[in-house]
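A.B. asks: Structure: entry.tsv, TSV, C-alpha atoms and all ligand atoms.
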chain	number	residue	atom	x	y	z
A	35	MET	CA	0.00	0.00	0.00
A	36	ASN	CA	1.11	3.54	-0.72
A	37	PRO	CA	0.86	6.30	1.85
A	38	ASP	CA	-1.40	8.30	-0.49
A	39	ASP	CA	-3.92	5.48	-1.07
A	40	GLY	CA	-7.34	6.71	-0.09
A	41	LEU	CA	-6.59	10.40	-0.57
A	42	ARG	CA	-8.76	12.34	-3.00
A	43	CYS	CA	-8.59	15.83	-4.33
A	44	PRO	CA	-10.72	18.28	-2.33
A	45	VAL	CA	-11.46	20.20	-5.54
A	46	CYS	CA	-12.44	17.47	-8.05
A	47	ARG	CA	-12.39	14.18	-6.05
A	48	LEU	CA	-9.85	12.49	-8.36
A	49	ALA	CA	-7.14	10.50	-6.58
A	50	LEU	CA	-4.37	12.56	-5.01
A	51	ARG	CA	-0.91	11.15	-5.64
A	52	LEU	CA	2.13	11.83	-3.50
A	53	GLN	CA	5.38	13.00	-5.00
A	54	THR	CA	8.47	12.76	-2.84
A	55	GLN	CA	11.88	14.41	-3.01
A	56	GLN	CA	14.80	12.72	-1.30
A	57	ALA	CA	12.29	10.44	0.45
A	58	ARG	CA	10.41	13.41	1.92
A	59	PRO	CA	6.81	14.30	1.02
A	60	ALA	CA	6.92	17.11	-1.54
A	61	ARG	CA	3.56	17.48	-3.31
A	62	LEU	CA	0.08	16.00	-3.52
A	63	GLY	CA	-1.52	16.36	-6.94
A	64	CYS	CA	-4.43	15.01	-8.99
A	65	GLU	CA	-4.66	14.30	-12.73
A	66	ALA	CA	-6.76	17.42	-13.26
A	67	GLY	CA	-3.80	19.53	-12.22
A	68	HIS	CA	-4.80	20.56	-8.71
A	69	GLY	CA	-1.82	20.43	-6.41
A	70	PHE	CA	-0.68	21.10	-2.88
A	71	ASP	CA	2.96	21.54	-1.92
A	72	ALA	CA	4.20	20.20	1.38
A	73	ALA	CA	5.06	22.76	4.03
A	74	LYS	CA	8.71	22.58	4.98
A	75	GLN	CA	7.76	20.64	8.12
A	76	GLY	CA	6.24	17.93	5.90
A	77	TYR	CA	2.48	18.42	6.31
A	78	PHE	CA	0.00	19.44	3.58
A	79	ASN	CA	-2.40	22.34	3.98
A	80	LEU	CA	-5.36	21.35	1.79
A	81	LEU	CA	-7.37	24.26	3.20
A	82	ALA	CA	-5.02	26.76	1.58
A	83	GLY	CA	-7.10	29.57	0.16
A	84	LYS	CA	-10.32	28.45	1.84
A	85	GLY	CA	-11.74	30.51	4.66
A	86	THR	CA	-12.79	28.67	7.77
A	87	ASN	CA	-14.81	29.64	10.83
A	88	PHE	CA	-12.83	27.53	13.24
A	89	LYS	CA	-10.08	28.88	15.40
A	90	GLU	CA	-7.06	26.61	15.19
A	91	ASP	CA	-5.11	25.62	18.29
A	92	GLY	CA	-2.26	28.13	18.39
A	93	ALA	CA	1.50	27.55	18.72
A	94	GLN	CA	1.51	27.88	22.52
A	95	MET	CA	-1.46	25.53	23.01
A	96	VAL	CA	0.09	22.91	20.77
A	97	ALA	CA	3.51	23.21	22.43
A	98	ALA	CA	1.85	22.76	25.84
A	99	ARG	CA	-0.03	19.67	24.58
A	100	ALA	CA	3.12	18.15	23.08
A	101	SER	CA	5.13	18.67	26.26
A	102	PHE	CA	2.37	17.36	28.57
A	103	LEU	CA	1.61	14.28	26.48
A	104	ASP	CA	5.25	13.45	25.78
A	105	ALA	CA	5.84	13.41	29.56
A	106	GLY	CA	3.55	10.36	29.59
A	107	HIS	CA	0.76	11.64	31.86
A	108	TYR	CA	-1.93	10.14	29.62
A	109	GLU	CA	0.01	7.03	28.66
A	110	SER	CA	-2.59	4.66	30.10
A	111	LEU	CA	-5.20	6.15	27.75
A	112	ALA	CA	-2.82	5.67	24.81
A	113	GLU	CA	-2.25	2.06	25.89
A	114	ALA	CA	-5.98	1.38	26.12
A	115	LEU	CA	-6.42	2.75	22.59
A	116	GLY	CA	-3.45	0.74	21.34
A	117	ARG	CA	-4.94	-2.50	22.69
A	118	ARG	CA	-8.28	-1.83	21.04
A	119	VAL	CA	-6.80	-0.90	17.64
A	120	ARG	CA	-4.49	-3.90	17.72
A	121	THR	CA	-7.45	-6.21	18.32
A	122	ALA	CA	-9.60	-4.47	15.70
A	123	LEU	CA	-6.92	-4.72	13.01
A	124	ARG	CA	-5.81	-8.29	13.79
A	125	GLY	CA	-5.28	-10.30	10.60
A	126	LEU	CA	-5.19	-7.30	8.23
A	127	GLU	CA	-2.05	-7.18	6.12
A	128	ASP	CA	-1.72	-3.46	5.54
A	129	PRO	CA	-4.13	-1.63	7.82
A	130	ARG	CA	-4.99	2.05	7.33
A	131	ILE	CA	-5.75	4.32	10.25
A	132	LEU	CA	-7.29	7.79	10.19
A	133	ASP	CA	-6.80	10.10	13.17
A	134	ALA	CA	-9.52	12.76	12.88
A	135	GLY	CA	-8.48	15.75	15.00
A	136	ALA	CA	-5.04	14.26	15.60
A	137	GLY	CA	-3.44	17.21	17.37
A	138	THR	CA	0.28	16.55	17.76
A	139	GLY	CA	-0.13	12.91	16.71
A	140	TYR	CA	0.82	11.57	20.16
A	141	TYR	CA	-1.95	8.95	20.34
A	142	LEU	CA	-1.54	7.96	16.69
A	143	ARG	CA	2.17	7.32	17.22
A	144	GLN	CA	1.47	5.18	20.29
A	145	VAL	CA	-1.29	3.26	18.52
A	146	LEU	CA	0.92	2.55	15.50
A	147	GLU	CA	3.71	1.37	17.79
A	148	ALA	CA	1.29	-1.05	19.46
A	149	LEU	CA	0.66	-2.86	16.16
A	150	PRO	CA	2.54	-6.11	15.62
A	151	GLU	CA	3.87	-4.95	12.24
A	152	VAL	CA	3.96	-1.19	12.20
A	153	SER	CA	5.85	-1.01	8.89
A	154	ALA	CA	2.86	-2.51	7.05
A	155	ALA	CA	0.44	0.08	8.44
A	156	SER	CA	-0.20	3.57	7.14
A	157	ALA	CA	-2.05	6.51	8.63
A	158	VAL	CA	-3.53	9.87	7.84
A	159	ALA	CA	-3.68	12.59	10.50
A	160	VAL	CA	-6.19	15.39	9.97
A	161	ASP	CA	-6.41	18.58	12.02
A	162	ILE	CA	-7.30	22.19	11.39
A	163	SER	CA	-4.23	23.41	13.28
A	164	ARG	CA	-1.06	23.94	11.25
A	165	TYR	CA	0.96	23.92	14.47
A	166	ALA	CA	-0.43	20.50	15.35
A	167	MET	CA	0.22	19.11	11.86
A	168	ARG	CA	3.85	20.23	11.94
A	169	ARG	CA	4.30	17.75	14.76
A	170	ALA	CA	1.99	15.02	13.45
A	171	ALA	CA	3.95	15.02	10.16
A	172	LYS	CA	6.87	13.49	12.13
A	173	VAL	CA	4.87	10.38	13.10
A	174	PRO	CA	6.26	7.47	11.04
A	175	HIS	CA	4.06	6.04	8.24
A	176	THR	CA	1.76	9.08	8.47
A	177	LEU	CA	0.59	11.80	6.11
A	178	ALA	CA	-0.53	14.93	7.96
A	179	LEU	CA	-3.26	17.07	6.40
A	180	VAL	CA	-4.61	20.43	7.52
A	181	TRP	CA	-8.32	20.18	6.91
A	182	ASP	CA	-11.62	21.07	8.57
A	183	LEU	CA	-13.44	17.98	9.89
A	184	TRP	CA	-16.79	19.65	9.23
A	185	ARG	CA	-16.15	19.68	5.49
A	186	GLU	CA	-16.31	16.69	3.12
A	187	LEU	CA	-13.06	14.89	3.91
A	188	PRO	CA	-10.44	14.66	1.11
A	189	LEU	CA	-10.54	10.87	1.44
A	190	GLU	CA	-12.02	8.04	-0.64
A	191	ASP	CA	-15.08	6.07	0.45
A	192	GLU	CA	-14.34	3.02	2.63
A	193	SER	CA	-10.59	3.60	2.54
A	194	PHE	CA	-9.76	3.18	6.25
A	195	ASP	CA	-9.92	0.23	8.64
A	196	ALA	CA	-9.82	2.17	11.90
A	197	LEU	CA	-10.48	5.72	12.99
A	198	LEU	CA	-9.36	7.64	16.09
A	199	ASN	CA	-11.31	10.68	17.25
A	200	ILE	CA	-9.89	11.95	20.51
A	201	PHE	CA	-11.30	15.11	22.14
A	202	SER	CA	-12.09	16.38	18.66
A	203	PRO	CA	-15.20	17.13	16.58
A	204	HIS	CA	-17.21	14.06	15.48
A	205	ASN	CA	-18.46	14.25	11.90
A	206	GLY	CA	-20.35	10.93	11.93
A	207	ALA	CA	-21.56	11.08	8.33
A	208	GLU	CA	-18.07	11.60	6.91
A	209	PHE	CA	-16.51	9.11	9.33
A	210	ALA	CA	-19.03	6.52	8.11
A	211	ARG	CA	-18.25	7.30	4.47
A	212	VAL	CA	-14.48	6.85	4.75
A	213	LEU	CA	-14.45	3.82	7.05
A	214	ARG	CA	-14.95	0.41	5.48
A	215	PRO	CA	-17.91	-1.70	6.65
A	216	GLY	CA	-16.81	-3.61	9.74
A	217	GLY	CA	-14.20	-0.94	10.48
A	218	THR	CA	-13.69	0.41	13.99
A	219	ALA	CA	-14.02	3.96	15.27
A	220	LEU	CA	-12.71	4.89	18.72
A	221	VAL	CA	-14.11	8.11	20.13
A	222	VAL	CA	-12.66	9.56	23.34
A	223	THR	CA	-14.48	12.22	25.35
A	224	PRO	CA	-14.07	13.50	28.91
A	225	LEU	CA	-16.22	11.95	31.63
A	226	PRO	CA	-18.17	14.26	33.92
A	227	GLY	CA	-15.73	15.26	36.63
A	228	HIS	CA	-12.70	15.23	34.30
A	229	LEU	CA	-10.09	17.56	35.89
A	230	ALA	CA	-12.86	18.91	38.14
A	231	GLU	CA	-10.71	19.39	41.26
A	232	GLY	CA	-8.39	21.72	39.36
A	233	ALA	CA	-10.95	23.58	37.30
A	234	GLU	CA	-10.88	26.76	39.34
A	235	LEU	CA	-7.13	26.95	39.90
A	236	LEU	CA	-6.37	26.18	36.26
A	237	GLY	CA	-9.12	28.42	34.88
A	238	LEU	CA	-10.69	25.56	32.94
A	239	LEU	CA	-14.00	25.93	31.20
A	240	GLY	CA	-17.18	24.60	32.85
A	241	ILE	CA	-17.23	20.96	33.92
A	242	ALA	CA	-18.18	18.78	30.99
A	243	ALA	CA	-21.67	17.34	30.90
A	244	ASP	CA	-21.96	13.62	30.15
A	245	LYS	CA	-21.26	13.32	26.44
A	246	ALA	CA	-21.89	9.57	25.96
A	247	ALA	CA	-25.37	9.82	24.44
A	248	GLY	CA	-24.39	12.85	22.38
A	249	VAL	CA	-21.48	10.96	20.81
A	250	VAL	CA	-23.73	8.04	19.84
A	251	ALA	CA	-26.21	10.48	18.27
A	252	SER	CA	-23.53	12.38	16.37
A	253	MET	CA	-21.95	9.20	14.98
A	254	GLY	CA	-25.29	8.50	13.30
A	255	ASP	CA	-26.89	5.48	11.65
A	256	GLY	CA	-23.68	4.21	10.06
A	257	PHE	CA	-22.27	3.11	13.40
A	258	ALA	CA	-23.21	0.70	16.18
A	259	LEU	CA	-21.70	1.17	19.64
A	260	SER	CA	-19.84	-2.04	20.45
A	261	ALA	CA	-17.97	-1.28	23.69
A	262	THR	CA	-17.40	1.39	26.29
A	263	GLU	CA	-14.39	1.75	28.59
A	264	GLU	CA	-13.62	4.31	31.26
A	265	VAL	CA	-10.05	5.36	31.96
A	266	ARG	CA	-9.26	7.32	35.13
A	267	ILE	CA	-5.79	8.74	35.69
A	268	PRO	CA	-4.80	10.33	39.01
A	269	LEU	CA	-2.33	13.09	38.20
A	270	VAL	CA	0.26	14.63	40.50
A	271	LEU	CA	1.45	17.72	38.68
A	272	GLY	CA	4.22	20.18	39.31
A	273	GLN	CA	3.65	23.79	38.31
A	274	GLU	CA	4.92	23.45	34.76
A	275	ALA	CA	2.82	20.35	34.00
A	276	ALA	CA	-0.26	22.01	35.56
A	277	PHE	CA	0.37	25.06	33.36
A	278	GLU	CA	0.62	22.87	30.26
A	279	LEU	CA	-2.53	20.96	31.14
A	280	ALA	CA	-4.50	24.20	31.38
A	281	MET	CA	-3.01	25.68	28.21
A	282	MET	CA	-3.43	22.61	26.01
A	283	GLY	CA	-7.22	22.35	26.27
A	284	PRO	CA	-10.03	24.52	24.96
A	285	ALA	CA	-9.43	26.99	27.82
A	286	GLY	CA	-6.05	27.70	26.20
A	287	HIS	CA	-7.84	29.85	23.63
A	288	HIS	CA	-8.87	32.29	26.41
A	289	LEU	CA	-6.39	31.94	29.29
A	290	ASP	CA	-3.90	34.66	30.15
A	291	PRO	CA	-0.63	32.66	30.52
A	292	GLY	CA	0.93	35.23	32.89
A	293	ALA	CA	-2.07	35.26	35.24
A	294	LEU	CA	-2.19	31.44	35.20
A	295	ARG	CA	1.50	31.21	36.15
A	296	ASP	CA	0.93	33.70	39.00
A	297	ARG	CA	-2.03	31.66	40.32
A	298	LEU	CA	-0.01	28.43	40.23
A	299	ALA	CA	2.97	30.06	41.95
A	300	GLU	CA	0.70	31.43	44.67
A	301	ALA	CA	-0.97	28.04	45.22
A	302	GLY	CA	2.53	26.45	45.42
A	303	GLY	CA	3.27	22.74	45.69
A	304	THR	CA	1.79	20.09	43.48
A	305	THR	CA	-1.68	19.90	42.01
A	306	LEU	CA	-3.66	16.67	42.44
A	307	ILE	CA	-6.23	16.13	39.73
A	308	THR	CA	-8.04	13.16	38.21
A	309	ALA	CA	-8.34	12.93	34.45
A	310	ALA	CA	-11.35	10.82	33.47
A	311	PHE	CA	-12.06	9.65	29.94
A	312	ARG	CA	-14.57	7.49	28.15
A	313	ILE	CA	-13.59	5.45	25.11
A	314	GLN	CA	-16.54	4.51	22.95
A	315	GLU	CA	-15.84	1.86	20.33
A	316	PHE	CA	-18.09	1.81	17.28
A	317	ARG	CA	-18.39	-0.70	14.45
A	318	ARG	CA	-19.15	0.62	10.96
A	319	ILE	CA	-22.35	-1.12	9.86
A	320	PRO	CA	-23.10	-1.49	6.14
B	401	LIG	C1	-8.36	18.91	22.44
B	401	LIG	S1	-7.43	18.77	20.95
B	401	LIG	C2	-7.14	17.02	20.82
B	401	LIG	C3	-6.00	16.67	19.92
B	401	LIG	C4	-5.51	15.21	19.98
B	401	LIG	N1	-6.53	14.28	19.53
B	401	LIG	C5	-5.07	14.88	21.37
B	401	LIG	O1	-5.85	14.29	22.11
B	401	LIG	O2	-3.96	15.22	21.73
B	401	LIG	C6	-8.66	19.07	19.74
B	401	LIG	C7	-8.08	19.11	18.34
B	401	LIG	O3	-9.16	19.27	17.41
B	401	LIG	C8	-8.74	20.17	16.41
B	401	LIG	N2	-9.93	20.72	15.78
B	401	LIG	C9	-10.87	21.52	16.34
B	401	LIG	N3	-11.83	21.83	15.43
B	401	LIG	C10	-11.47	21.20	14.27
B	401	LIG	C11	-12.06	21.11	12.98
B	401	LIG	N4	-13.18	21.73	12.69
B	401	LIG	N5	-11.41	20.38	12.04
B	401	LIG	C12	-10.25	19.73	12.32
B	401	LIG	N6	-9.67	19.77	13.54
B	401	LIG	C13	-10.27	20.49	14.50
B	401	LIG	C14	-7.87	21.17	17.17
B	401	LIG	O4	-6.99	21.87	16.31
B	401	LIG	C15	-7.15	20.27	18.15
B	401	LIG	O5	-5.92	19.79	17.66
B	402	ZN	ZN	-8.33	17.77	-8.49
Can you give me the file's structure in the form of structure tokens?
C.D. replies:
Amino acid sequence: MNPDDGLRCPVCRLALRLQTQQARPARLGCEAGHGFDAAKQGYFNLLAGKGTNFKEDGAQMVAARASFLDAGHYESLAEALGRRVRTALRGLEDPRILDAGAGTGYYLRQVLEALPEVSAASAVAVDISRYAMRRAAKVPHTLALVWDLWRELPLEDESFDALLNIFSPHNGAEFARVLRPGGTALVVTPLPGHLAEGAELLGLLGIAADKAAGVVASMGDGFALSATEEVRIPLVLGQEAAFELAMMGPAGHHLDPGALRDRLAEAGGTTLITAAFRIQEFRRIP
């Protein structure tokens, strides 16, 4: 399988083919002459020239997320996802994985590494943030695309075996279109009470309502819920990690970093918080 299998032109829907230079991704182009050059960090911005209403995660938010995740605080969530993807893809020779709303690509990297034969697998990471895709482009076997999940995805019908959708928008109709029948979608959302003890100190947005039923509704008729798992992670965070945790989430769009640092310094010591997630596993039904 080629890394560009399953990609289609967002303008005319013909296949997009990857051209490389010195083994690095250089350009995606279709036979009708539409083309997208790789950014120097290796990702492709297919949204170039299109306006979008969504505010991308900025450089500081993405840097905070990368540093927090790379420190391993959410490793047990990554492991749980890895186990599920490994089971779902068992027996497939060259599995394809889509990470919709991939952020820095941390979970995708971990999931790929959990496969018995990672070199046979290939992945596409999609996110609206250019800063996130700069990092996701470094994940082995992965093409990183800047795109808006609320638009028709630049991907062929039934071209993926598994889909990850972690704290990101769920476009059930498009997810159903690009996943093959029998394919697996893993959707991760926060449980009620996620990070609740630290919400005030960290300036987090309101405590999340229970999203389980909403996820099932937004995945739509193309999916059947096949399993649910809860992952709770007690965190003991120093000031820097607590700062990153606050900055990497949706509150990072609004927080004043200086004021947050002052609050954390004043509180002193370590912050004890419980992260609480729900993984919902869906099967694509024909
Ligand atoms: C909370 S982050 C989660 C990222 C990653 N899955 C993780 O867990 O580290 C949400 C991600 O969704 C992306 N996002 C938000 N709206 C989007 C949209 N309309 N299309 C594509 N990505 C979007 C953001 O840029 C951000 O990277
Ligand atoms: Zn085209």
A.B. asks: Counting only C-alpha atoms and all ligand atoms, what are the residues, protein, DNA or RNA alike, that approach ligand LIG 401 (chain B) to within 9 Å? I want them as a PyMOL selection string.
C.D. replies: chain A and resi 86-92+96+99-100+103+133-142+160-167+180-185+198-203+222+282-284
A.B. asks: For each of A:Pro129, A:Pro188, A:Gly292, A:Gly76, take the minimum atom-to-atom distance to ligand ZN 402 (chain B), counting only C-alpha atoms and all ligand atoms, then give the residue where this is smallest.
C.D. replies: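 Counting only C-alpha atoms and all ligand atoms, the residue closest to ligand ZN 402 (chain B) is A:Pro188.
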A.B. asks: Each residue of chain A lying at most 9 Å from ligand ZN 402 (chain B) should get a row with its shortest atom-to-atom pair and the distance in Å to one decimal, counting all atoms listed in the file; could you produce that, ordered by chain and increasing number, as a Markdown table?
C.D. replies:
| residue | atom | partner | partner_atom | distance |
| --- | --- | --- | --- | --- |
| A:Arg42 | CA | B:ZN402 | ZN | 7.7 |
| A:Cys43 | CA | B:ZN402 | ZN | 4.6 |
| A:Pro44 | CA | B:ZN402 | ZN | 6.6 |
| A:Val45 | CA | B:ZN402 | ZN | 4.9 |
| A:Cys46 | CA | B:ZN402 | ZN | 4.1 |
| A:Arg47 | CA | B:ZN402 | ZN | 5.9 |
| A:Leu48 | CA | B:ZN402 | ZN | 5.5 |
| A:Ala49 | CA | B:ZN402 | ZN | 7.6 |
| A:Leu50 | CA | B:ZN402 | ZN | 7.4 |
| A:Gly63 | CA | B:ZN402 | ZN | 7.1 |
| A:Cys64 | CA | B:ZN402 | ZN | 4.8 |
| A:Glu65 | CA | B:ZN402 | ZN | 6.6 |
| A:Ala66 | CA | B:ZN402 | ZN | 5.0 |
| A:Gly67 | CA | B:ZN402 | ZN | 6.1 |
| A:His68 | CA | B:ZN402 | ZN | 4.5 |
| A:Gly69 | CA | B:ZN402 | ZN | 7.3 |
A.B. asks: Please tell me which residues are no farther than 12 Å from (-4.0, 7.2, 39.5) in the file, counting all atoms listed in the file, and write them as a list in words.
C.D. replies: His107, Tyr108, Glu109, Ser110, Leu111, Val265, Arg266, Ile267, Pro268, Leu269, Val270, Leu271, Leu306, Ile307, Thr308, Ala309 and Ala310 of chain A
A.B. asks: Those residues you just picked out, can you put them in a file as a compact mmCIF listing (two decimals), keeping the file's coordinate frame with C-alpha atoms?
C.D. replies:
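Saved the output as part-v3.txt:
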# COMPACT_ATOMS: atom_id res chain seq x y z
CA HIS A 107 0.76 11.64 31.86
CA TYR A 108 -1.93 10.14 29.62
CA GLU A 109 0.01 7.03 28.66
CA SER A 110 -2.59 4.66 30.10
CA LEU A 111 -5.20 6.15 27.75
CA VAL A 265 -10.05 5.36 31.96
CA ARG A 266 -9.26 7.32 35.13
CA ILE A 267 -5.79 8.74 35.69
CA PRO A 268 -4.80 10.33 39.01
CA LEU A 269 -2.33 13.09 38.20
CA VAL A 270 0.26 14.63 40.50
CA LEU A 271 1.45 17.72 38.68
CA LEU A 306 -3.66 16.67 42.44
CA ILE A 307 -6.23 16.13 39.73
CA THR A 308 -8.04 13.16 38.21
CA ALA A 309 -8.34 12.93 34.45
CA ALA A 310 -11.35 10.82 33.47
A.B. asks: Out of A:Pro174, A:Gly106, A:Gly248, A:Gly217, which residue has the shortest atom-to-atom distance to Val119 (chain A) when counting only C-alpha atoms?
C.D. replies: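 Ranking A:Pro174, A:Gly106, A:Gly248, A:Gly217 by distance to Val119 (chain A), first place goes to A:Gly217.
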A.B. asks: Choose the residue, out of A:Ala247, A:Phe78, A:Arg312, A:Glu208, that has the smallest atom-to-atom separation from His228 (chain A); count only C-alpha atoms.
C.D. replies: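 The shortest atom-to-atom distance to His228 (chain A) comes from A:Arg312.
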A.B. asks: In Å to one decimal, how far is CA of Arg317 (chain A) from CA of Val212 (chain A)?
C.D. replies: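 That distance, rounded to one decimal, is 12.9 Å.
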A.B. asks: From the options A:Thr218, A:Ser153, A:Asn36, A:Gln273, which residue's atoms come nearest to Gln314 (chain A), counting only C-alpha atoms?
C.D. replies: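 The answer is A:Thr218, which sits nearest to Gln314 (chain A).
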A.B. asks: Between CA of Ala72 (chain A) and CA of Pro59 (chain A), what is the spacing in Å?
C.D. replies: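 These atoms are spaced 6.5 Å apart.
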A.B. asks: Can you pull out every residue within 10 Å of Arg120 (chain A), counting all atoms listed in the file, but drop anything in the same chain fewer than 5 positions away, and send it as a ChimeraX atom specification?
C.D. replies: /A:115,125,145-150,196
A.B. asks: Generate the output file for the selected residues, C-alpha atoms, as a CSV table (one decimal), in the frame of the given file.
C.D. replies:
chain,number,residue,atom,x,y,z
A,115,LEU,CA,-6.4,2.8,22.6
A,125,GLY,CA,-5.3,-10.3,10.6
A,145,VAL,CA,-1.3,3.3,18.5
A,146,LEU,CA,0.9,2.6,15.5
A,147,GLU,CA,3.7,1.4,17.8
A,148,ALA,CA,1.3,-1.0,19.5
A,149,LEU,CA,0.7,-2.9,16.2
A,150,PRO,CA,2.5,-6.1,15.6
A,196,ALA,CA,-9.8,2.2,11.9
A.B. asks: Counting all atoms listed in the file, which of A:Ala280, A:Ala275, A:Ala219, A:Leu126 gets nearest to Asp104 (chain A)?
C.D. replies: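 Residue with the minimum atom-to-atom distance to Asp104 (chain A): A:Ala275.
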